[in-house]
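A short worksheet on the structure shown next.
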Amino acid sequence: MTELTKTLELKLVKPNAHKRRKLRETREAYQQALHDAFDAQCTTQTEANNVVVNYDLSGYAKNALKKYVPQLTTTYNAGELHDDHPVRFTNEGLRLDHKPKNAIEWYVKIPHHEDYHLWMPAQPNPEQRDWLEALNAGDATMGESRLFERDGTWYLHVTVTRDVEDGSEASAEERTPIGVDIGEASLVTVCHRDRHGSPTAPELWTDEGKTVRRLRKTYFTATRRLQTRGSERIAESFGDDLWDQIDDVFHRVTRKVVEYAESVENPVLVLEDLTYIRESMDYGEYMNRRLHGWGFAKLHAQIRYKAVEKGIPVETVNPRNTSKDCHACGEVGYRPRQATFKCTNDACWMGEYQADVNGAVNIADRYLSGESRFREHENDDDSAEDGGRLTAPQDSQADATKQETLGTYAS
Ligand SMILES: [Zn+2]
């Protein structure tokens, strides 16, 4: 087992004037408390507590200060503090919420005063979606968080840890690619080729696809009806409940996908690259429906984090025509019916095939055909260096030196 640590980066989305004022109040009280405790040369938690207890701050910020100030005073001898310290909160202070139906999907609860907190919409770093899913599902542990402002924008950095199994050392060529197709008829379809090259053991989650379609339909019709009756609050909680049910289905299926991979020797899970799909406008309505209608990103993120937990690598490939090409001969075919793929090559032995399985095999094949972009980093442990993308203020020289001595705890 290995412990992975990552700093999740969240940008607070356009806080209104009231919330901005509250954030600034928190920061000012925190800075004052930090400076006073530092100037008083508090070297123990008790000493620091005696100073910070008087400030109008949440217990989470006070507790973070009680831990932080003695570190500063005992490891750093210069007599001055930088002005730019982020506000730290201990791990219990923060809450994360996910509302997939909203335009801004993620919300964070930020402590303000003792009995007062702010719920704020937040935009995460999209590359870290898998970590957010893990956190949201309780499969990752939240550590300390840091709140700061940079150029008028507020950010929150959250330290998160997960235990993962160590993967096998098999090389890319030794691995068996398992294609993962997220689709319409079947929510998810997986398939791989046996050592003779024949597609084998396809697994389709068709009933789950039906369930999710039904829940989504219920959501849209019922909430519209409730909203026109003016029952906004009922619509809201009813919607939350339905999306929780969809999320449960997603978790059940993504767990099975990873179990499927575990049953194959030296597996690698192969997904379609979402950035290709987003960047390209000409994938048409079918791709757009898949992308938006099915929680494509959410399913991918859940598969990713659950695979990494089991030490299974994940790769992404260019999705172009994975649903249109024939996996047997490479010719472009078509779908006479939703679930059927028909090859148009007269010389091809295949004729008709289950469309989602055909897609999954195509995805798997791209792993070794050079179409894989190898841009994802499985089992990435970037505990020390990561978190700089949204550029946290440097905590002062004190922290820069401390990073080396205290490791992940320091930042
Ligand atoms: Zn064919």
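Please note that chains go A, B, ... in the order of the structure tokens, that every chain numbers its residues from 1, and that ligands are numbered from 1 in the order shown.
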
Hey, which bits of stretch 100-196 of chain A sit within 7 Å of stretch 295-306 of chain A, and for each residue what's the closest pair of atoms and how far apart in Å (one decimal), counting only C-alpha atoms, rows by chain and increasing number, as CSV?
```
residue,atom,partner,partner_atom,distance
A:Arg129,CA,A:Ala301,CA,5.8
A:Asp130,CA,A:Ala301,CA,4.1
A:Trp131,CA,A:Tyr305,CA,6.7
A:Glu133,CA,A:Gln302,CA,6.1
A:Ala134,CA,A:Tyr305,CA,6.5
A:Ile182,CA,A:Phe296,CA,7.0
```

Would you output that residue set with all heavy atoms, as a short mmCIF file (atom, residue, chain, number, x, y, z; two decimals), in the first residue's frame?
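That gives us result_1.cif:
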```
data_model
loop_
_atom_site.label_atom_id
_atom_site.label_comp_id
_atom_site.auth_asym_id
_atom_site.auth_seq_id
_atom_site.Cartn_x
_atom_site.Cartn_y
_atom_site.Cartn_z
N ARG A 129 -10.55 15.94 -11.14
CA ARG A 129 -11.92 15.47 -10.97
C ARG A 129 -11.99 14.12 -10.25
O ARG A 129 -12.88 13.86 -9.45
CB ARG A 129 -12.56 15.36 -12.36
CG ARG A 129 -13.97 14.86 -12.40
CD ARG A 129 -14.90 15.90 -11.79
NE ARG A 129 -16.21 15.37 -11.58
CZ ARG A 129 -17.27 15.68 -12.33
NH1 ARG A 129 -17.14 16.53 -13.31
NH2 ARG A 129 -18.44 15.14 -12.09
N ASP A 130 -11.04 13.24 -10.55
CA ASP A 130 -11.08 11.92 -9.91
C ASP A 130 -10.90 12.02 -8.40
O ASP A 130 -11.53 11.29 -7.63
CB ASP A 130 -10.03 10.98 -10.54
CG ASP A 130 -8.65 11.59 -10.62
OD1 ASP A 130 -8.54 12.83 -10.53
OD2 ASP A 130 -7.68 10.84 -10.78
N TRP A 131 -10.06 12.96 -7.97
CA TRP A 131 -9.86 13.14 -6.53
C TRP A 131 -11.12 13.70 -5.86
O TRP A 131 -11.45 13.34 -4.74
CB TRP A 131 -8.67 14.06 -6.28
CG TRP A 131 -7.37 13.35 -6.43
CD1 TRP A 131 -6.73 13.06 -7.59
CD2 TRP A 131 -6.56 12.81 -5.38
NE1 TRP A 131 -5.56 12.39 -7.33
CE2 TRP A 131 -5.43 12.22 -5.98
CE3 TRP A 131 -6.67 12.78 -3.98
CZ2 TRP A 131 -4.42 11.60 -5.25
CZ3 TRP A 131 -5.66 12.16 -3.24
CH2 TRP A 131 -4.57 11.57 -3.88
N GLU A 133 -14.18 13.19 -6.87
CA GLU A 133 -15.14 12.09 -6.78
C GLU A 133 -14.80 11.17 -5.60
O GLU A 133 -15.68 10.71 -4.89
CB GLU A 133 -15.15 11.28 -8.08
CG GLU A 133 -15.79 11.99 -9.25
CD GLU A 133 -17.32 12.11 -9.12
OE1 GLU A 133 -17.92 11.36 -8.35
OE2 GLU A 133 -17.89 12.98 -9.80
N ALA A 134 -13.51 10.91 -5.43
CA ALA A 134 -13.09 10.06 -4.31
C ALA A 134 -13.45 10.69 -2.97
O ALA A 134 -13.97 10.04 -2.07
CB ALA A 134 -11.59 9.80 -4.39
N ILE A 182 -18.52 4.40 -22.87
CA ILE A 182 -19.66 4.97 -22.17
C ILE A 182 -20.68 5.36 -23.21
O ILE A 182 -20.37 6.10 -24.14
CB ILE A 182 -19.22 6.16 -21.30
CG1 ILE A 182 -18.37 5.60 -20.14
CG2 ILE A 182 -20.42 6.92 -20.76
CD1 ILE A 182 -17.59 6.62 -19.39
#
```

Distance filter 9 Å around ligand 1, atoms: only C-alpha atoms and all ligand atoms, out as a list in words: Asp325, Cys326, His327, Ala328, Cys329, Gly330, Glu331, Val332, Gly333, Lys342, Cys343, Thr344, Asn345, Asp346, Ala347, Cys348, Trp349, Met350, Gly351 and Glu352 of chain A

Put those residues in a file: all heavy atoms, as a compact mmCIF listing (two decimals), in the first residue's frame.
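Saved as out.txt:
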```txt
# COMPACT_ATOMS: atom_id res chain seq x y z
N ASP A 325 -16.06 2.81 -36.55
CA ASP A 325 -15.18 1.86 -37.22
C ASP A 325 -15.57 0.43 -36.87
O ASP A 325 -16.03 0.15 -35.77
CB ASP A 325 -13.73 2.10 -36.78
CG ASP A 325 -13.16 3.39 -37.34
OD1 ASP A 325 -13.81 3.99 -38.22
OD2 ASP A 325 -12.08 3.81 -36.88
N CYS A 326 -15.31 -0.46 -37.82
CA CYS A 326 -15.48 -1.89 -37.57
C CYS A 326 -14.22 -2.41 -36.88
O CYS A 326 -13.11 -2.22 -37.38
CB CYS A 326 -15.70 -2.63 -38.89
SG CYS A 326 -15.63 -4.43 -38.74
N HIS A 327 -14.38 -3.09 -35.74
CA HIS A 327 -13.20 -3.55 -35.00
C HIS A 327 -12.48 -4.68 -35.71
O HIS A 327 -11.32 -4.98 -35.42
CB HIS A 327 -13.59 -3.97 -33.57
CG HIS A 327 -14.27 -5.30 -33.53
ND1 HIS A 327 -15.63 -5.45 -33.61
CD2 HIS A 327 -13.77 -6.55 -33.43
CE1 HIS A 327 -15.94 -6.73 -33.56
NE2 HIS A 327 -14.83 -7.42 -33.46
N ALA A 328 -13.17 -5.35 -36.67
CA ALA A 328 -12.57 -6.50 -37.34
C ALA A 328 -11.75 -6.08 -38.56
O ALA A 328 -10.68 -6.61 -38.80
CB ALA A 328 -13.67 -7.49 -37.76
N CYS A 329 -12.25 -5.10 -39.33
CA CYS A 329 -11.55 -4.75 -40.57
C CYS A 329 -11.18 -3.27 -40.66
O CYS A 329 -10.44 -2.87 -41.55
CB CYS A 329 -12.41 -5.12 -41.79
SG CYS A 329 -13.87 -4.07 -41.98
N GLY A 330 -11.69 -2.45 -39.76
CA GLY A 330 -11.32 -1.05 -39.76
C GLY A 330 -12.18 -0.17 -40.66
O GLY A 330 -12.08 1.05 -40.64
N GLU A 331 -13.04 -0.79 -41.45
CA GLU A 331 -13.93 -0.04 -42.34
C GLU A 331 -14.97 0.74 -41.53
O GLU A 331 -15.35 0.32 -40.44
CB GLU A 331 -14.64 -1.03 -43.27
CG GLU A 331 -15.20 -0.43 -44.53
CD GLU A 331 -14.14 -0.25 -45.61
OE1 GLU A 331 -12.98 -0.70 -45.41
OE2 GLU A 331 -14.46 0.34 -46.63
N VAL A 332 -15.42 1.87 -42.09
CA VAL A 332 -16.46 2.63 -41.40
C VAL A 332 -17.82 1.96 -41.63
O VAL A 332 -18.15 1.59 -42.76
CB VAL A 332 -16.50 4.10 -41.90
CG1 VAL A 332 -17.71 4.83 -41.32
CG2 VAL A 332 -15.21 4.81 -41.49
N GLY A 333 -18.57 1.77 -40.57
CA GLY A 333 -19.90 1.15 -40.69
C GLY A 333 -20.98 2.10 -40.20
O GLY A 333 -20.76 3.31 -40.12
N LYS A 342 -23.24 -2.25 -38.00
CA LYS A 342 -23.20 -3.03 -39.23
C LYS A 342 -22.00 -2.59 -40.05
O LYS A 342 -21.83 -1.41 -40.36
CB LYS A 342 -24.49 -2.82 -40.02
CG LYS A 342 -24.69 -3.84 -41.13
CD LYS A 342 -26.14 -3.83 -41.58
CE LYS A 342 -26.36 -4.59 -42.89
NZ LYS A 342 -25.76 -5.92 -42.94
N CYS A 343 -21.14 -3.55 -40.39
CA CYS A 343 -19.97 -3.26 -41.22
C CYS A 343 -20.39 -3.22 -42.69
O CYS A 343 -21.19 -4.04 -43.14
CB CYS A 343 -18.90 -4.33 -41.00
SG CYS A 343 -17.40 -4.01 -41.95
N THR A 344 -19.87 -2.25 -43.41
CA THR A 344 -20.27 -2.10 -44.81
C THR A 344 -19.29 -2.77 -45.77
O THR A 344 -19.46 -2.70 -46.98
CB THR A 344 -20.37 -0.60 -45.18
OG1 THR A 344 -19.17 0.05 -44.74
CG2 THR A 344 -21.56 0.05 -44.52
N ASN A 345 -18.27 -3.38 -45.23
CA ASN A 345 -17.26 -4.05 -46.06
C ASN A 345 -17.75 -5.46 -46.39
O ASN A 345 -17.87 -6.31 -45.51
CB ASN A 345 -15.95 -4.08 -45.26
CG ASN A 345 -14.85 -4.82 -46.00
OD1 ASN A 345 -15.05 -5.28 -47.12
ND2 ASN A 345 -13.70 -4.93 -45.35
N ASP A 346 -18.03 -5.73 -47.67
CA ASP A 346 -18.58 -7.03 -48.07
C ASP A 346 -17.63 -8.18 -47.76
O ASP A 346 -18.04 -9.31 -47.52
CB ASP A 346 -18.89 -7.03 -49.58
CG ASP A 346 -20.06 -6.12 -49.90
OD1 ASP A 346 -20.85 -5.84 -48.95
OD2 ASP A 346 -20.17 -5.67 -51.05
N ALA A 347 -16.34 -7.86 -47.80
CA ALA A 347 -15.35 -8.91 -47.57
C ALA A 347 -15.16 -9.22 -46.09
O ALA A 347 -14.49 -10.18 -45.73
CB ALA A 347 -14.01 -8.50 -48.17
N CYS A 348 -15.74 -8.38 -45.20
CA CYS A 348 -15.54 -8.58 -43.76
C CYS A 348 -16.47 -9.68 -43.26
O CYS A 348 -17.66 -9.71 -43.61
CB CYS A 348 -15.82 -7.27 -43.03
SG CYS A 348 -15.70 -7.39 -41.24
N TRP A 349 -15.93 -10.58 -42.44
CA TRP A 349 -16.73 -11.70 -41.98
C TRP A 349 -17.77 -11.28 -40.94
O TRP A 349 -18.69 -12.01 -40.62
CB TRP A 349 -15.82 -12.76 -41.35
CG TRP A 349 -15.01 -12.23 -40.18
CD1 TRP A 349 -13.77 -11.69 -40.26
CD2 TRP A 349 -15.39 -12.17 -38.83
NE1 TRP A 349 -13.35 -11.28 -39.03
CE2 TRP A 349 -14.33 -11.57 -38.12
CE3 TRP A 349 -16.53 -12.58 -38.12
CZ2 TRP A 349 -14.38 -11.35 -36.75
CZ3 TRP A 349 -16.57 -12.36 -36.75
CH2 TRP A 349 -15.50 -11.74 -36.08
N MET A 350 -17.63 -10.07 -40.43
CA MET A 350 -18.38 -9.76 -39.22
C MET A 350 -19.85 -9.43 -39.44
O MET A 350 -20.70 -9.87 -38.70
CB MET A 350 -17.70 -8.60 -38.50
CG MET A 350 -18.04 -8.63 -37.03
SD MET A 350 -17.49 -7.12 -36.26
CE MET A 350 -18.54 -5.94 -37.04
N GLY A 351 -20.15 -8.62 -40.43
CA GLY A 351 -21.55 -8.25 -40.64
C GLY A 351 -22.08 -7.38 -39.52
O GLY A 351 -21.67 -6.24 -39.40
N GLU A 352 -22.96 -7.96 -38.68
CA GLU A 352 -23.54 -7.17 -37.59
C GLU A 352 -22.88 -7.52 -36.25
O GLU A 352 -22.45 -8.66 -36.04
CB GLU A 352 -25.05 -7.41 -37.48
CG GLU A 352 -25.82 -6.71 -38.57
CD GLU A 352 -27.32 -6.70 -38.31
OE1 GLU A 352 -27.77 -7.36 -37.34
OE2 GLU A 352 -28.03 -6.03 -39.06
```

With DSSP run on the backbone, what are the alpha helix (DSSP H) residues within stretch 109-309 of chain A? I'd like them as number ranges by chain. A: 129-136, 206-228, 232-262, 274-279, 284-293, 296-309

Quick one: residues within 7 Å of stretch 34-48 of chain A, only C-alpha atoms, excluding same-chain residues fewer than 6 positions away - as a PDB file with N, CA and C atoms, in the first residue's frame?
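Below you can see result_24.pdb, which holds the result:
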```pdb
ATOM      1  N   LEU A  65      -4.009  27.393  13.672  1.00  0.00           N
ATOM      2  CA  LEU A  65      -2.996  28.324  14.182  1.00  0.00           C
ATOM      3  C   LEU A  65      -2.220  27.724  15.347  1.00  0.00           C
ATOM      4  N   LYS A  66      -2.929  27.036  16.221  1.00  0.00           N
ATOM      5  CA  LYS A  66      -2.263  26.438  17.392  1.00  0.00           C
ATOM      6  C   LYS A  66      -1.187  25.443  16.965  1.00  0.00           C
ATOM      7  N   LYS A  67      -1.440  24.745  15.853  1.00  0.00           N
ATOM      8  CA  LYS A  67      -0.443  23.807  15.357  1.00  0.00           C
ATOM      9  C   LYS A  67       0.662  24.535  14.580  1.00  0.00           C
ATOM     10  N   VAL A  69       1.698  27.935  14.524  1.00  0.00           N
ATOM     11  CA  VAL A  69       2.590  28.935  15.125  1.00  0.00           C
ATOM     12  C   VAL A  69       3.803  28.291  15.806  1.00  0.00           C
ATOM     13  N   PRO A  70       3.614  27.249  16.630  1.00  0.00           N
ATOM     14  CA  PRO A  70       4.808  26.635  17.239  1.00  0.00           C
ATOM     15  C   PRO A  70       5.788  26.089  16.200  1.00  0.00           C
ATOM     16  N   THR A  73       7.726  29.239  15.039  1.00  0.00           N
ATOM     17  CA  THR A  73       8.639  29.842  16.012  1.00  0.00           C
ATOM     18  C   THR A  73       9.797  28.924  16.357  1.00  0.00           C
ATOM     19  N   THR A  74       9.575  27.590  16.205  1.00  0.00           N
ATOM     20  CA  THR A  74      10.669  26.697  16.585  1.00  0.00           C
ATOM     21  C   THR A  74      11.548  26.317  15.410  1.00  0.00           C
TER      22      THR A  74
END
```

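Of all the residues in stretch 166-218 of chain A, the ones DSSP labels as strand (DSSP E) from the backbone are Thr176, Pro177, Ile178, Gly179, Val180, Asp181, Ile182, Val188, Thr189, Val190, Cys191, His192, Arg193, Pro199, Thr200, Ala201, Pro202, Glu203 and Leu204 of chain A.
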
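Take atom CA of A:Lys109 and atom CA of A:Trp243: the distance between them is 20.1 Å.
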
Who sits within 9 Å of stretch 29-33 of chain A, only C-alpha atoms, same chain under 4 positions skipped, as an MDAnalysis selection string: chainID A and resid 24:25 37:38 51:57 61:62 65 83:88

How many Å lie between atom CA of A:Phe250 and atom CA of A:Glu92, rounded to one decimal?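 These atoms are spaced 27.1 Å apart.
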
Near-A:Thr218 list (12 Å; only C-alpha atoms; drop same-chain fewer than 3 positions) as a ChimeraX atom specification: /A:211-215,221-226,235,238-239,241-243,245-246

Requested write-out: C-alpha atoms of the selected residues, as an mmCIF file, in the first residue's frame:
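As a result, out.cif now contains:
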```cif
data_model
loop_
_atom_site.group_PDB
_atom_site.id
_atom_site.type_symbol
_atom_site.label_atom_id
_atom_site.label_comp_id
_atom_site.auth_asym_id
_atom_site.auth_seq_id
_atom_site.Cartn_x
_atom_site.Cartn_y
_atom_site.Cartn_z
ATOM 1 C CA THR A 211 -32.362 3.187 -14.693
ATOM 2 C CA VAL A 212 -30.292 6.322 -15.193
ATOM 3 C CA ARG A 213 -32.368 7.410 -18.187
ATOM 4 C CA ARG A 214 -35.554 6.933 -16.173
ATOM 5 C CA LEU A 215 -34.196 8.893 -13.190
ATOM 6 C CA THR A 221 -40.326 16.481 -15.752
ATOM 7 C CA ALA A 222 -40.936 16.552 -12.000
ATOM 8 C CA THR A 223 -38.719 19.495 -11.190
ATOM 9 C CA ARG A 224 -40.208 21.511 -14.027
ATOM 10 C CA ARG A 225 -43.687 20.803 -12.675
ATOM 11 C CA LEU A 226 -42.670 21.640 -9.110
ATOM 12 C CA ALA A 235 -37.866 20.704 -6.423
ATOM 13 C CA PHE A 238 -36.322 16.080 -4.864
ATOM 14 C CA GLY A 239 -33.644 16.761 -7.482
ATOM 15 C CA ASP A 241 -32.417 12.802 -4.102
ATOM 16 C CA LEU A 242 -32.665 11.696 -7.734
ATOM 17 C CA TRP A 243 -29.084 12.681 -8.462
ATOM 18 C CA GLN A 245 -29.649 7.725 -6.841
ATOM 19 C CA ILE A 246 -27.891 8.263 -10.178
#
```

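Distances here use only C-alpha atoms; by that measure, the residue among A:Leu94, A:Leu269, A:Val264, A:Ala170 closest to A:Thr200 is A:Val264.
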
If you count only C-alpha atoms, which residues fall within 9 Å of A:Leu23, apart from same-chain ones fewer than 6 positions away, as a compact mmCIF listing (two decimals) with N, CA and C atoms, in the first residue's frame?
```txt
# COMPACT_ATOMS: atom_id res chain seq x y z
N ILE A 110 -17.04 26.97 3.94
CA ILE A 110 -15.85 27.59 4.53
C ILE A 110 -16.22 28.16 5.89
N HIS A 112 -16.38 30.53 9.05
CA HIS A 112 -16.15 31.96 9.20
C HIS A 112 -15.95 32.27 10.68
N LEU A 118 -19.81 29.76 5.40
CA LEU A 118 -20.28 30.19 4.08
C LEU A 118 -20.24 28.99 3.13
N LEU A 147 -6.98 28.97 2.54
CA LEU A 147 -7.79 29.94 1.81
C LEU A 147 -6.93 31.17 1.54
N TRP A 154 -10.46 34.45 -5.10
CA TRP A 154 -10.23 33.63 -3.91
C TRP A 154 -10.05 32.17 -4.30
```

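Take the candidates A:Glu262, A:Glu28, A:Asp240, A:Glu309 and check each one against A:Ile178 using only C-alpha atoms; the shortest distance goes to A:Glu262.
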
One decimal place gives the atom CA of A:Asp365-atom CA of A:Val268 separation as 11.6 Å
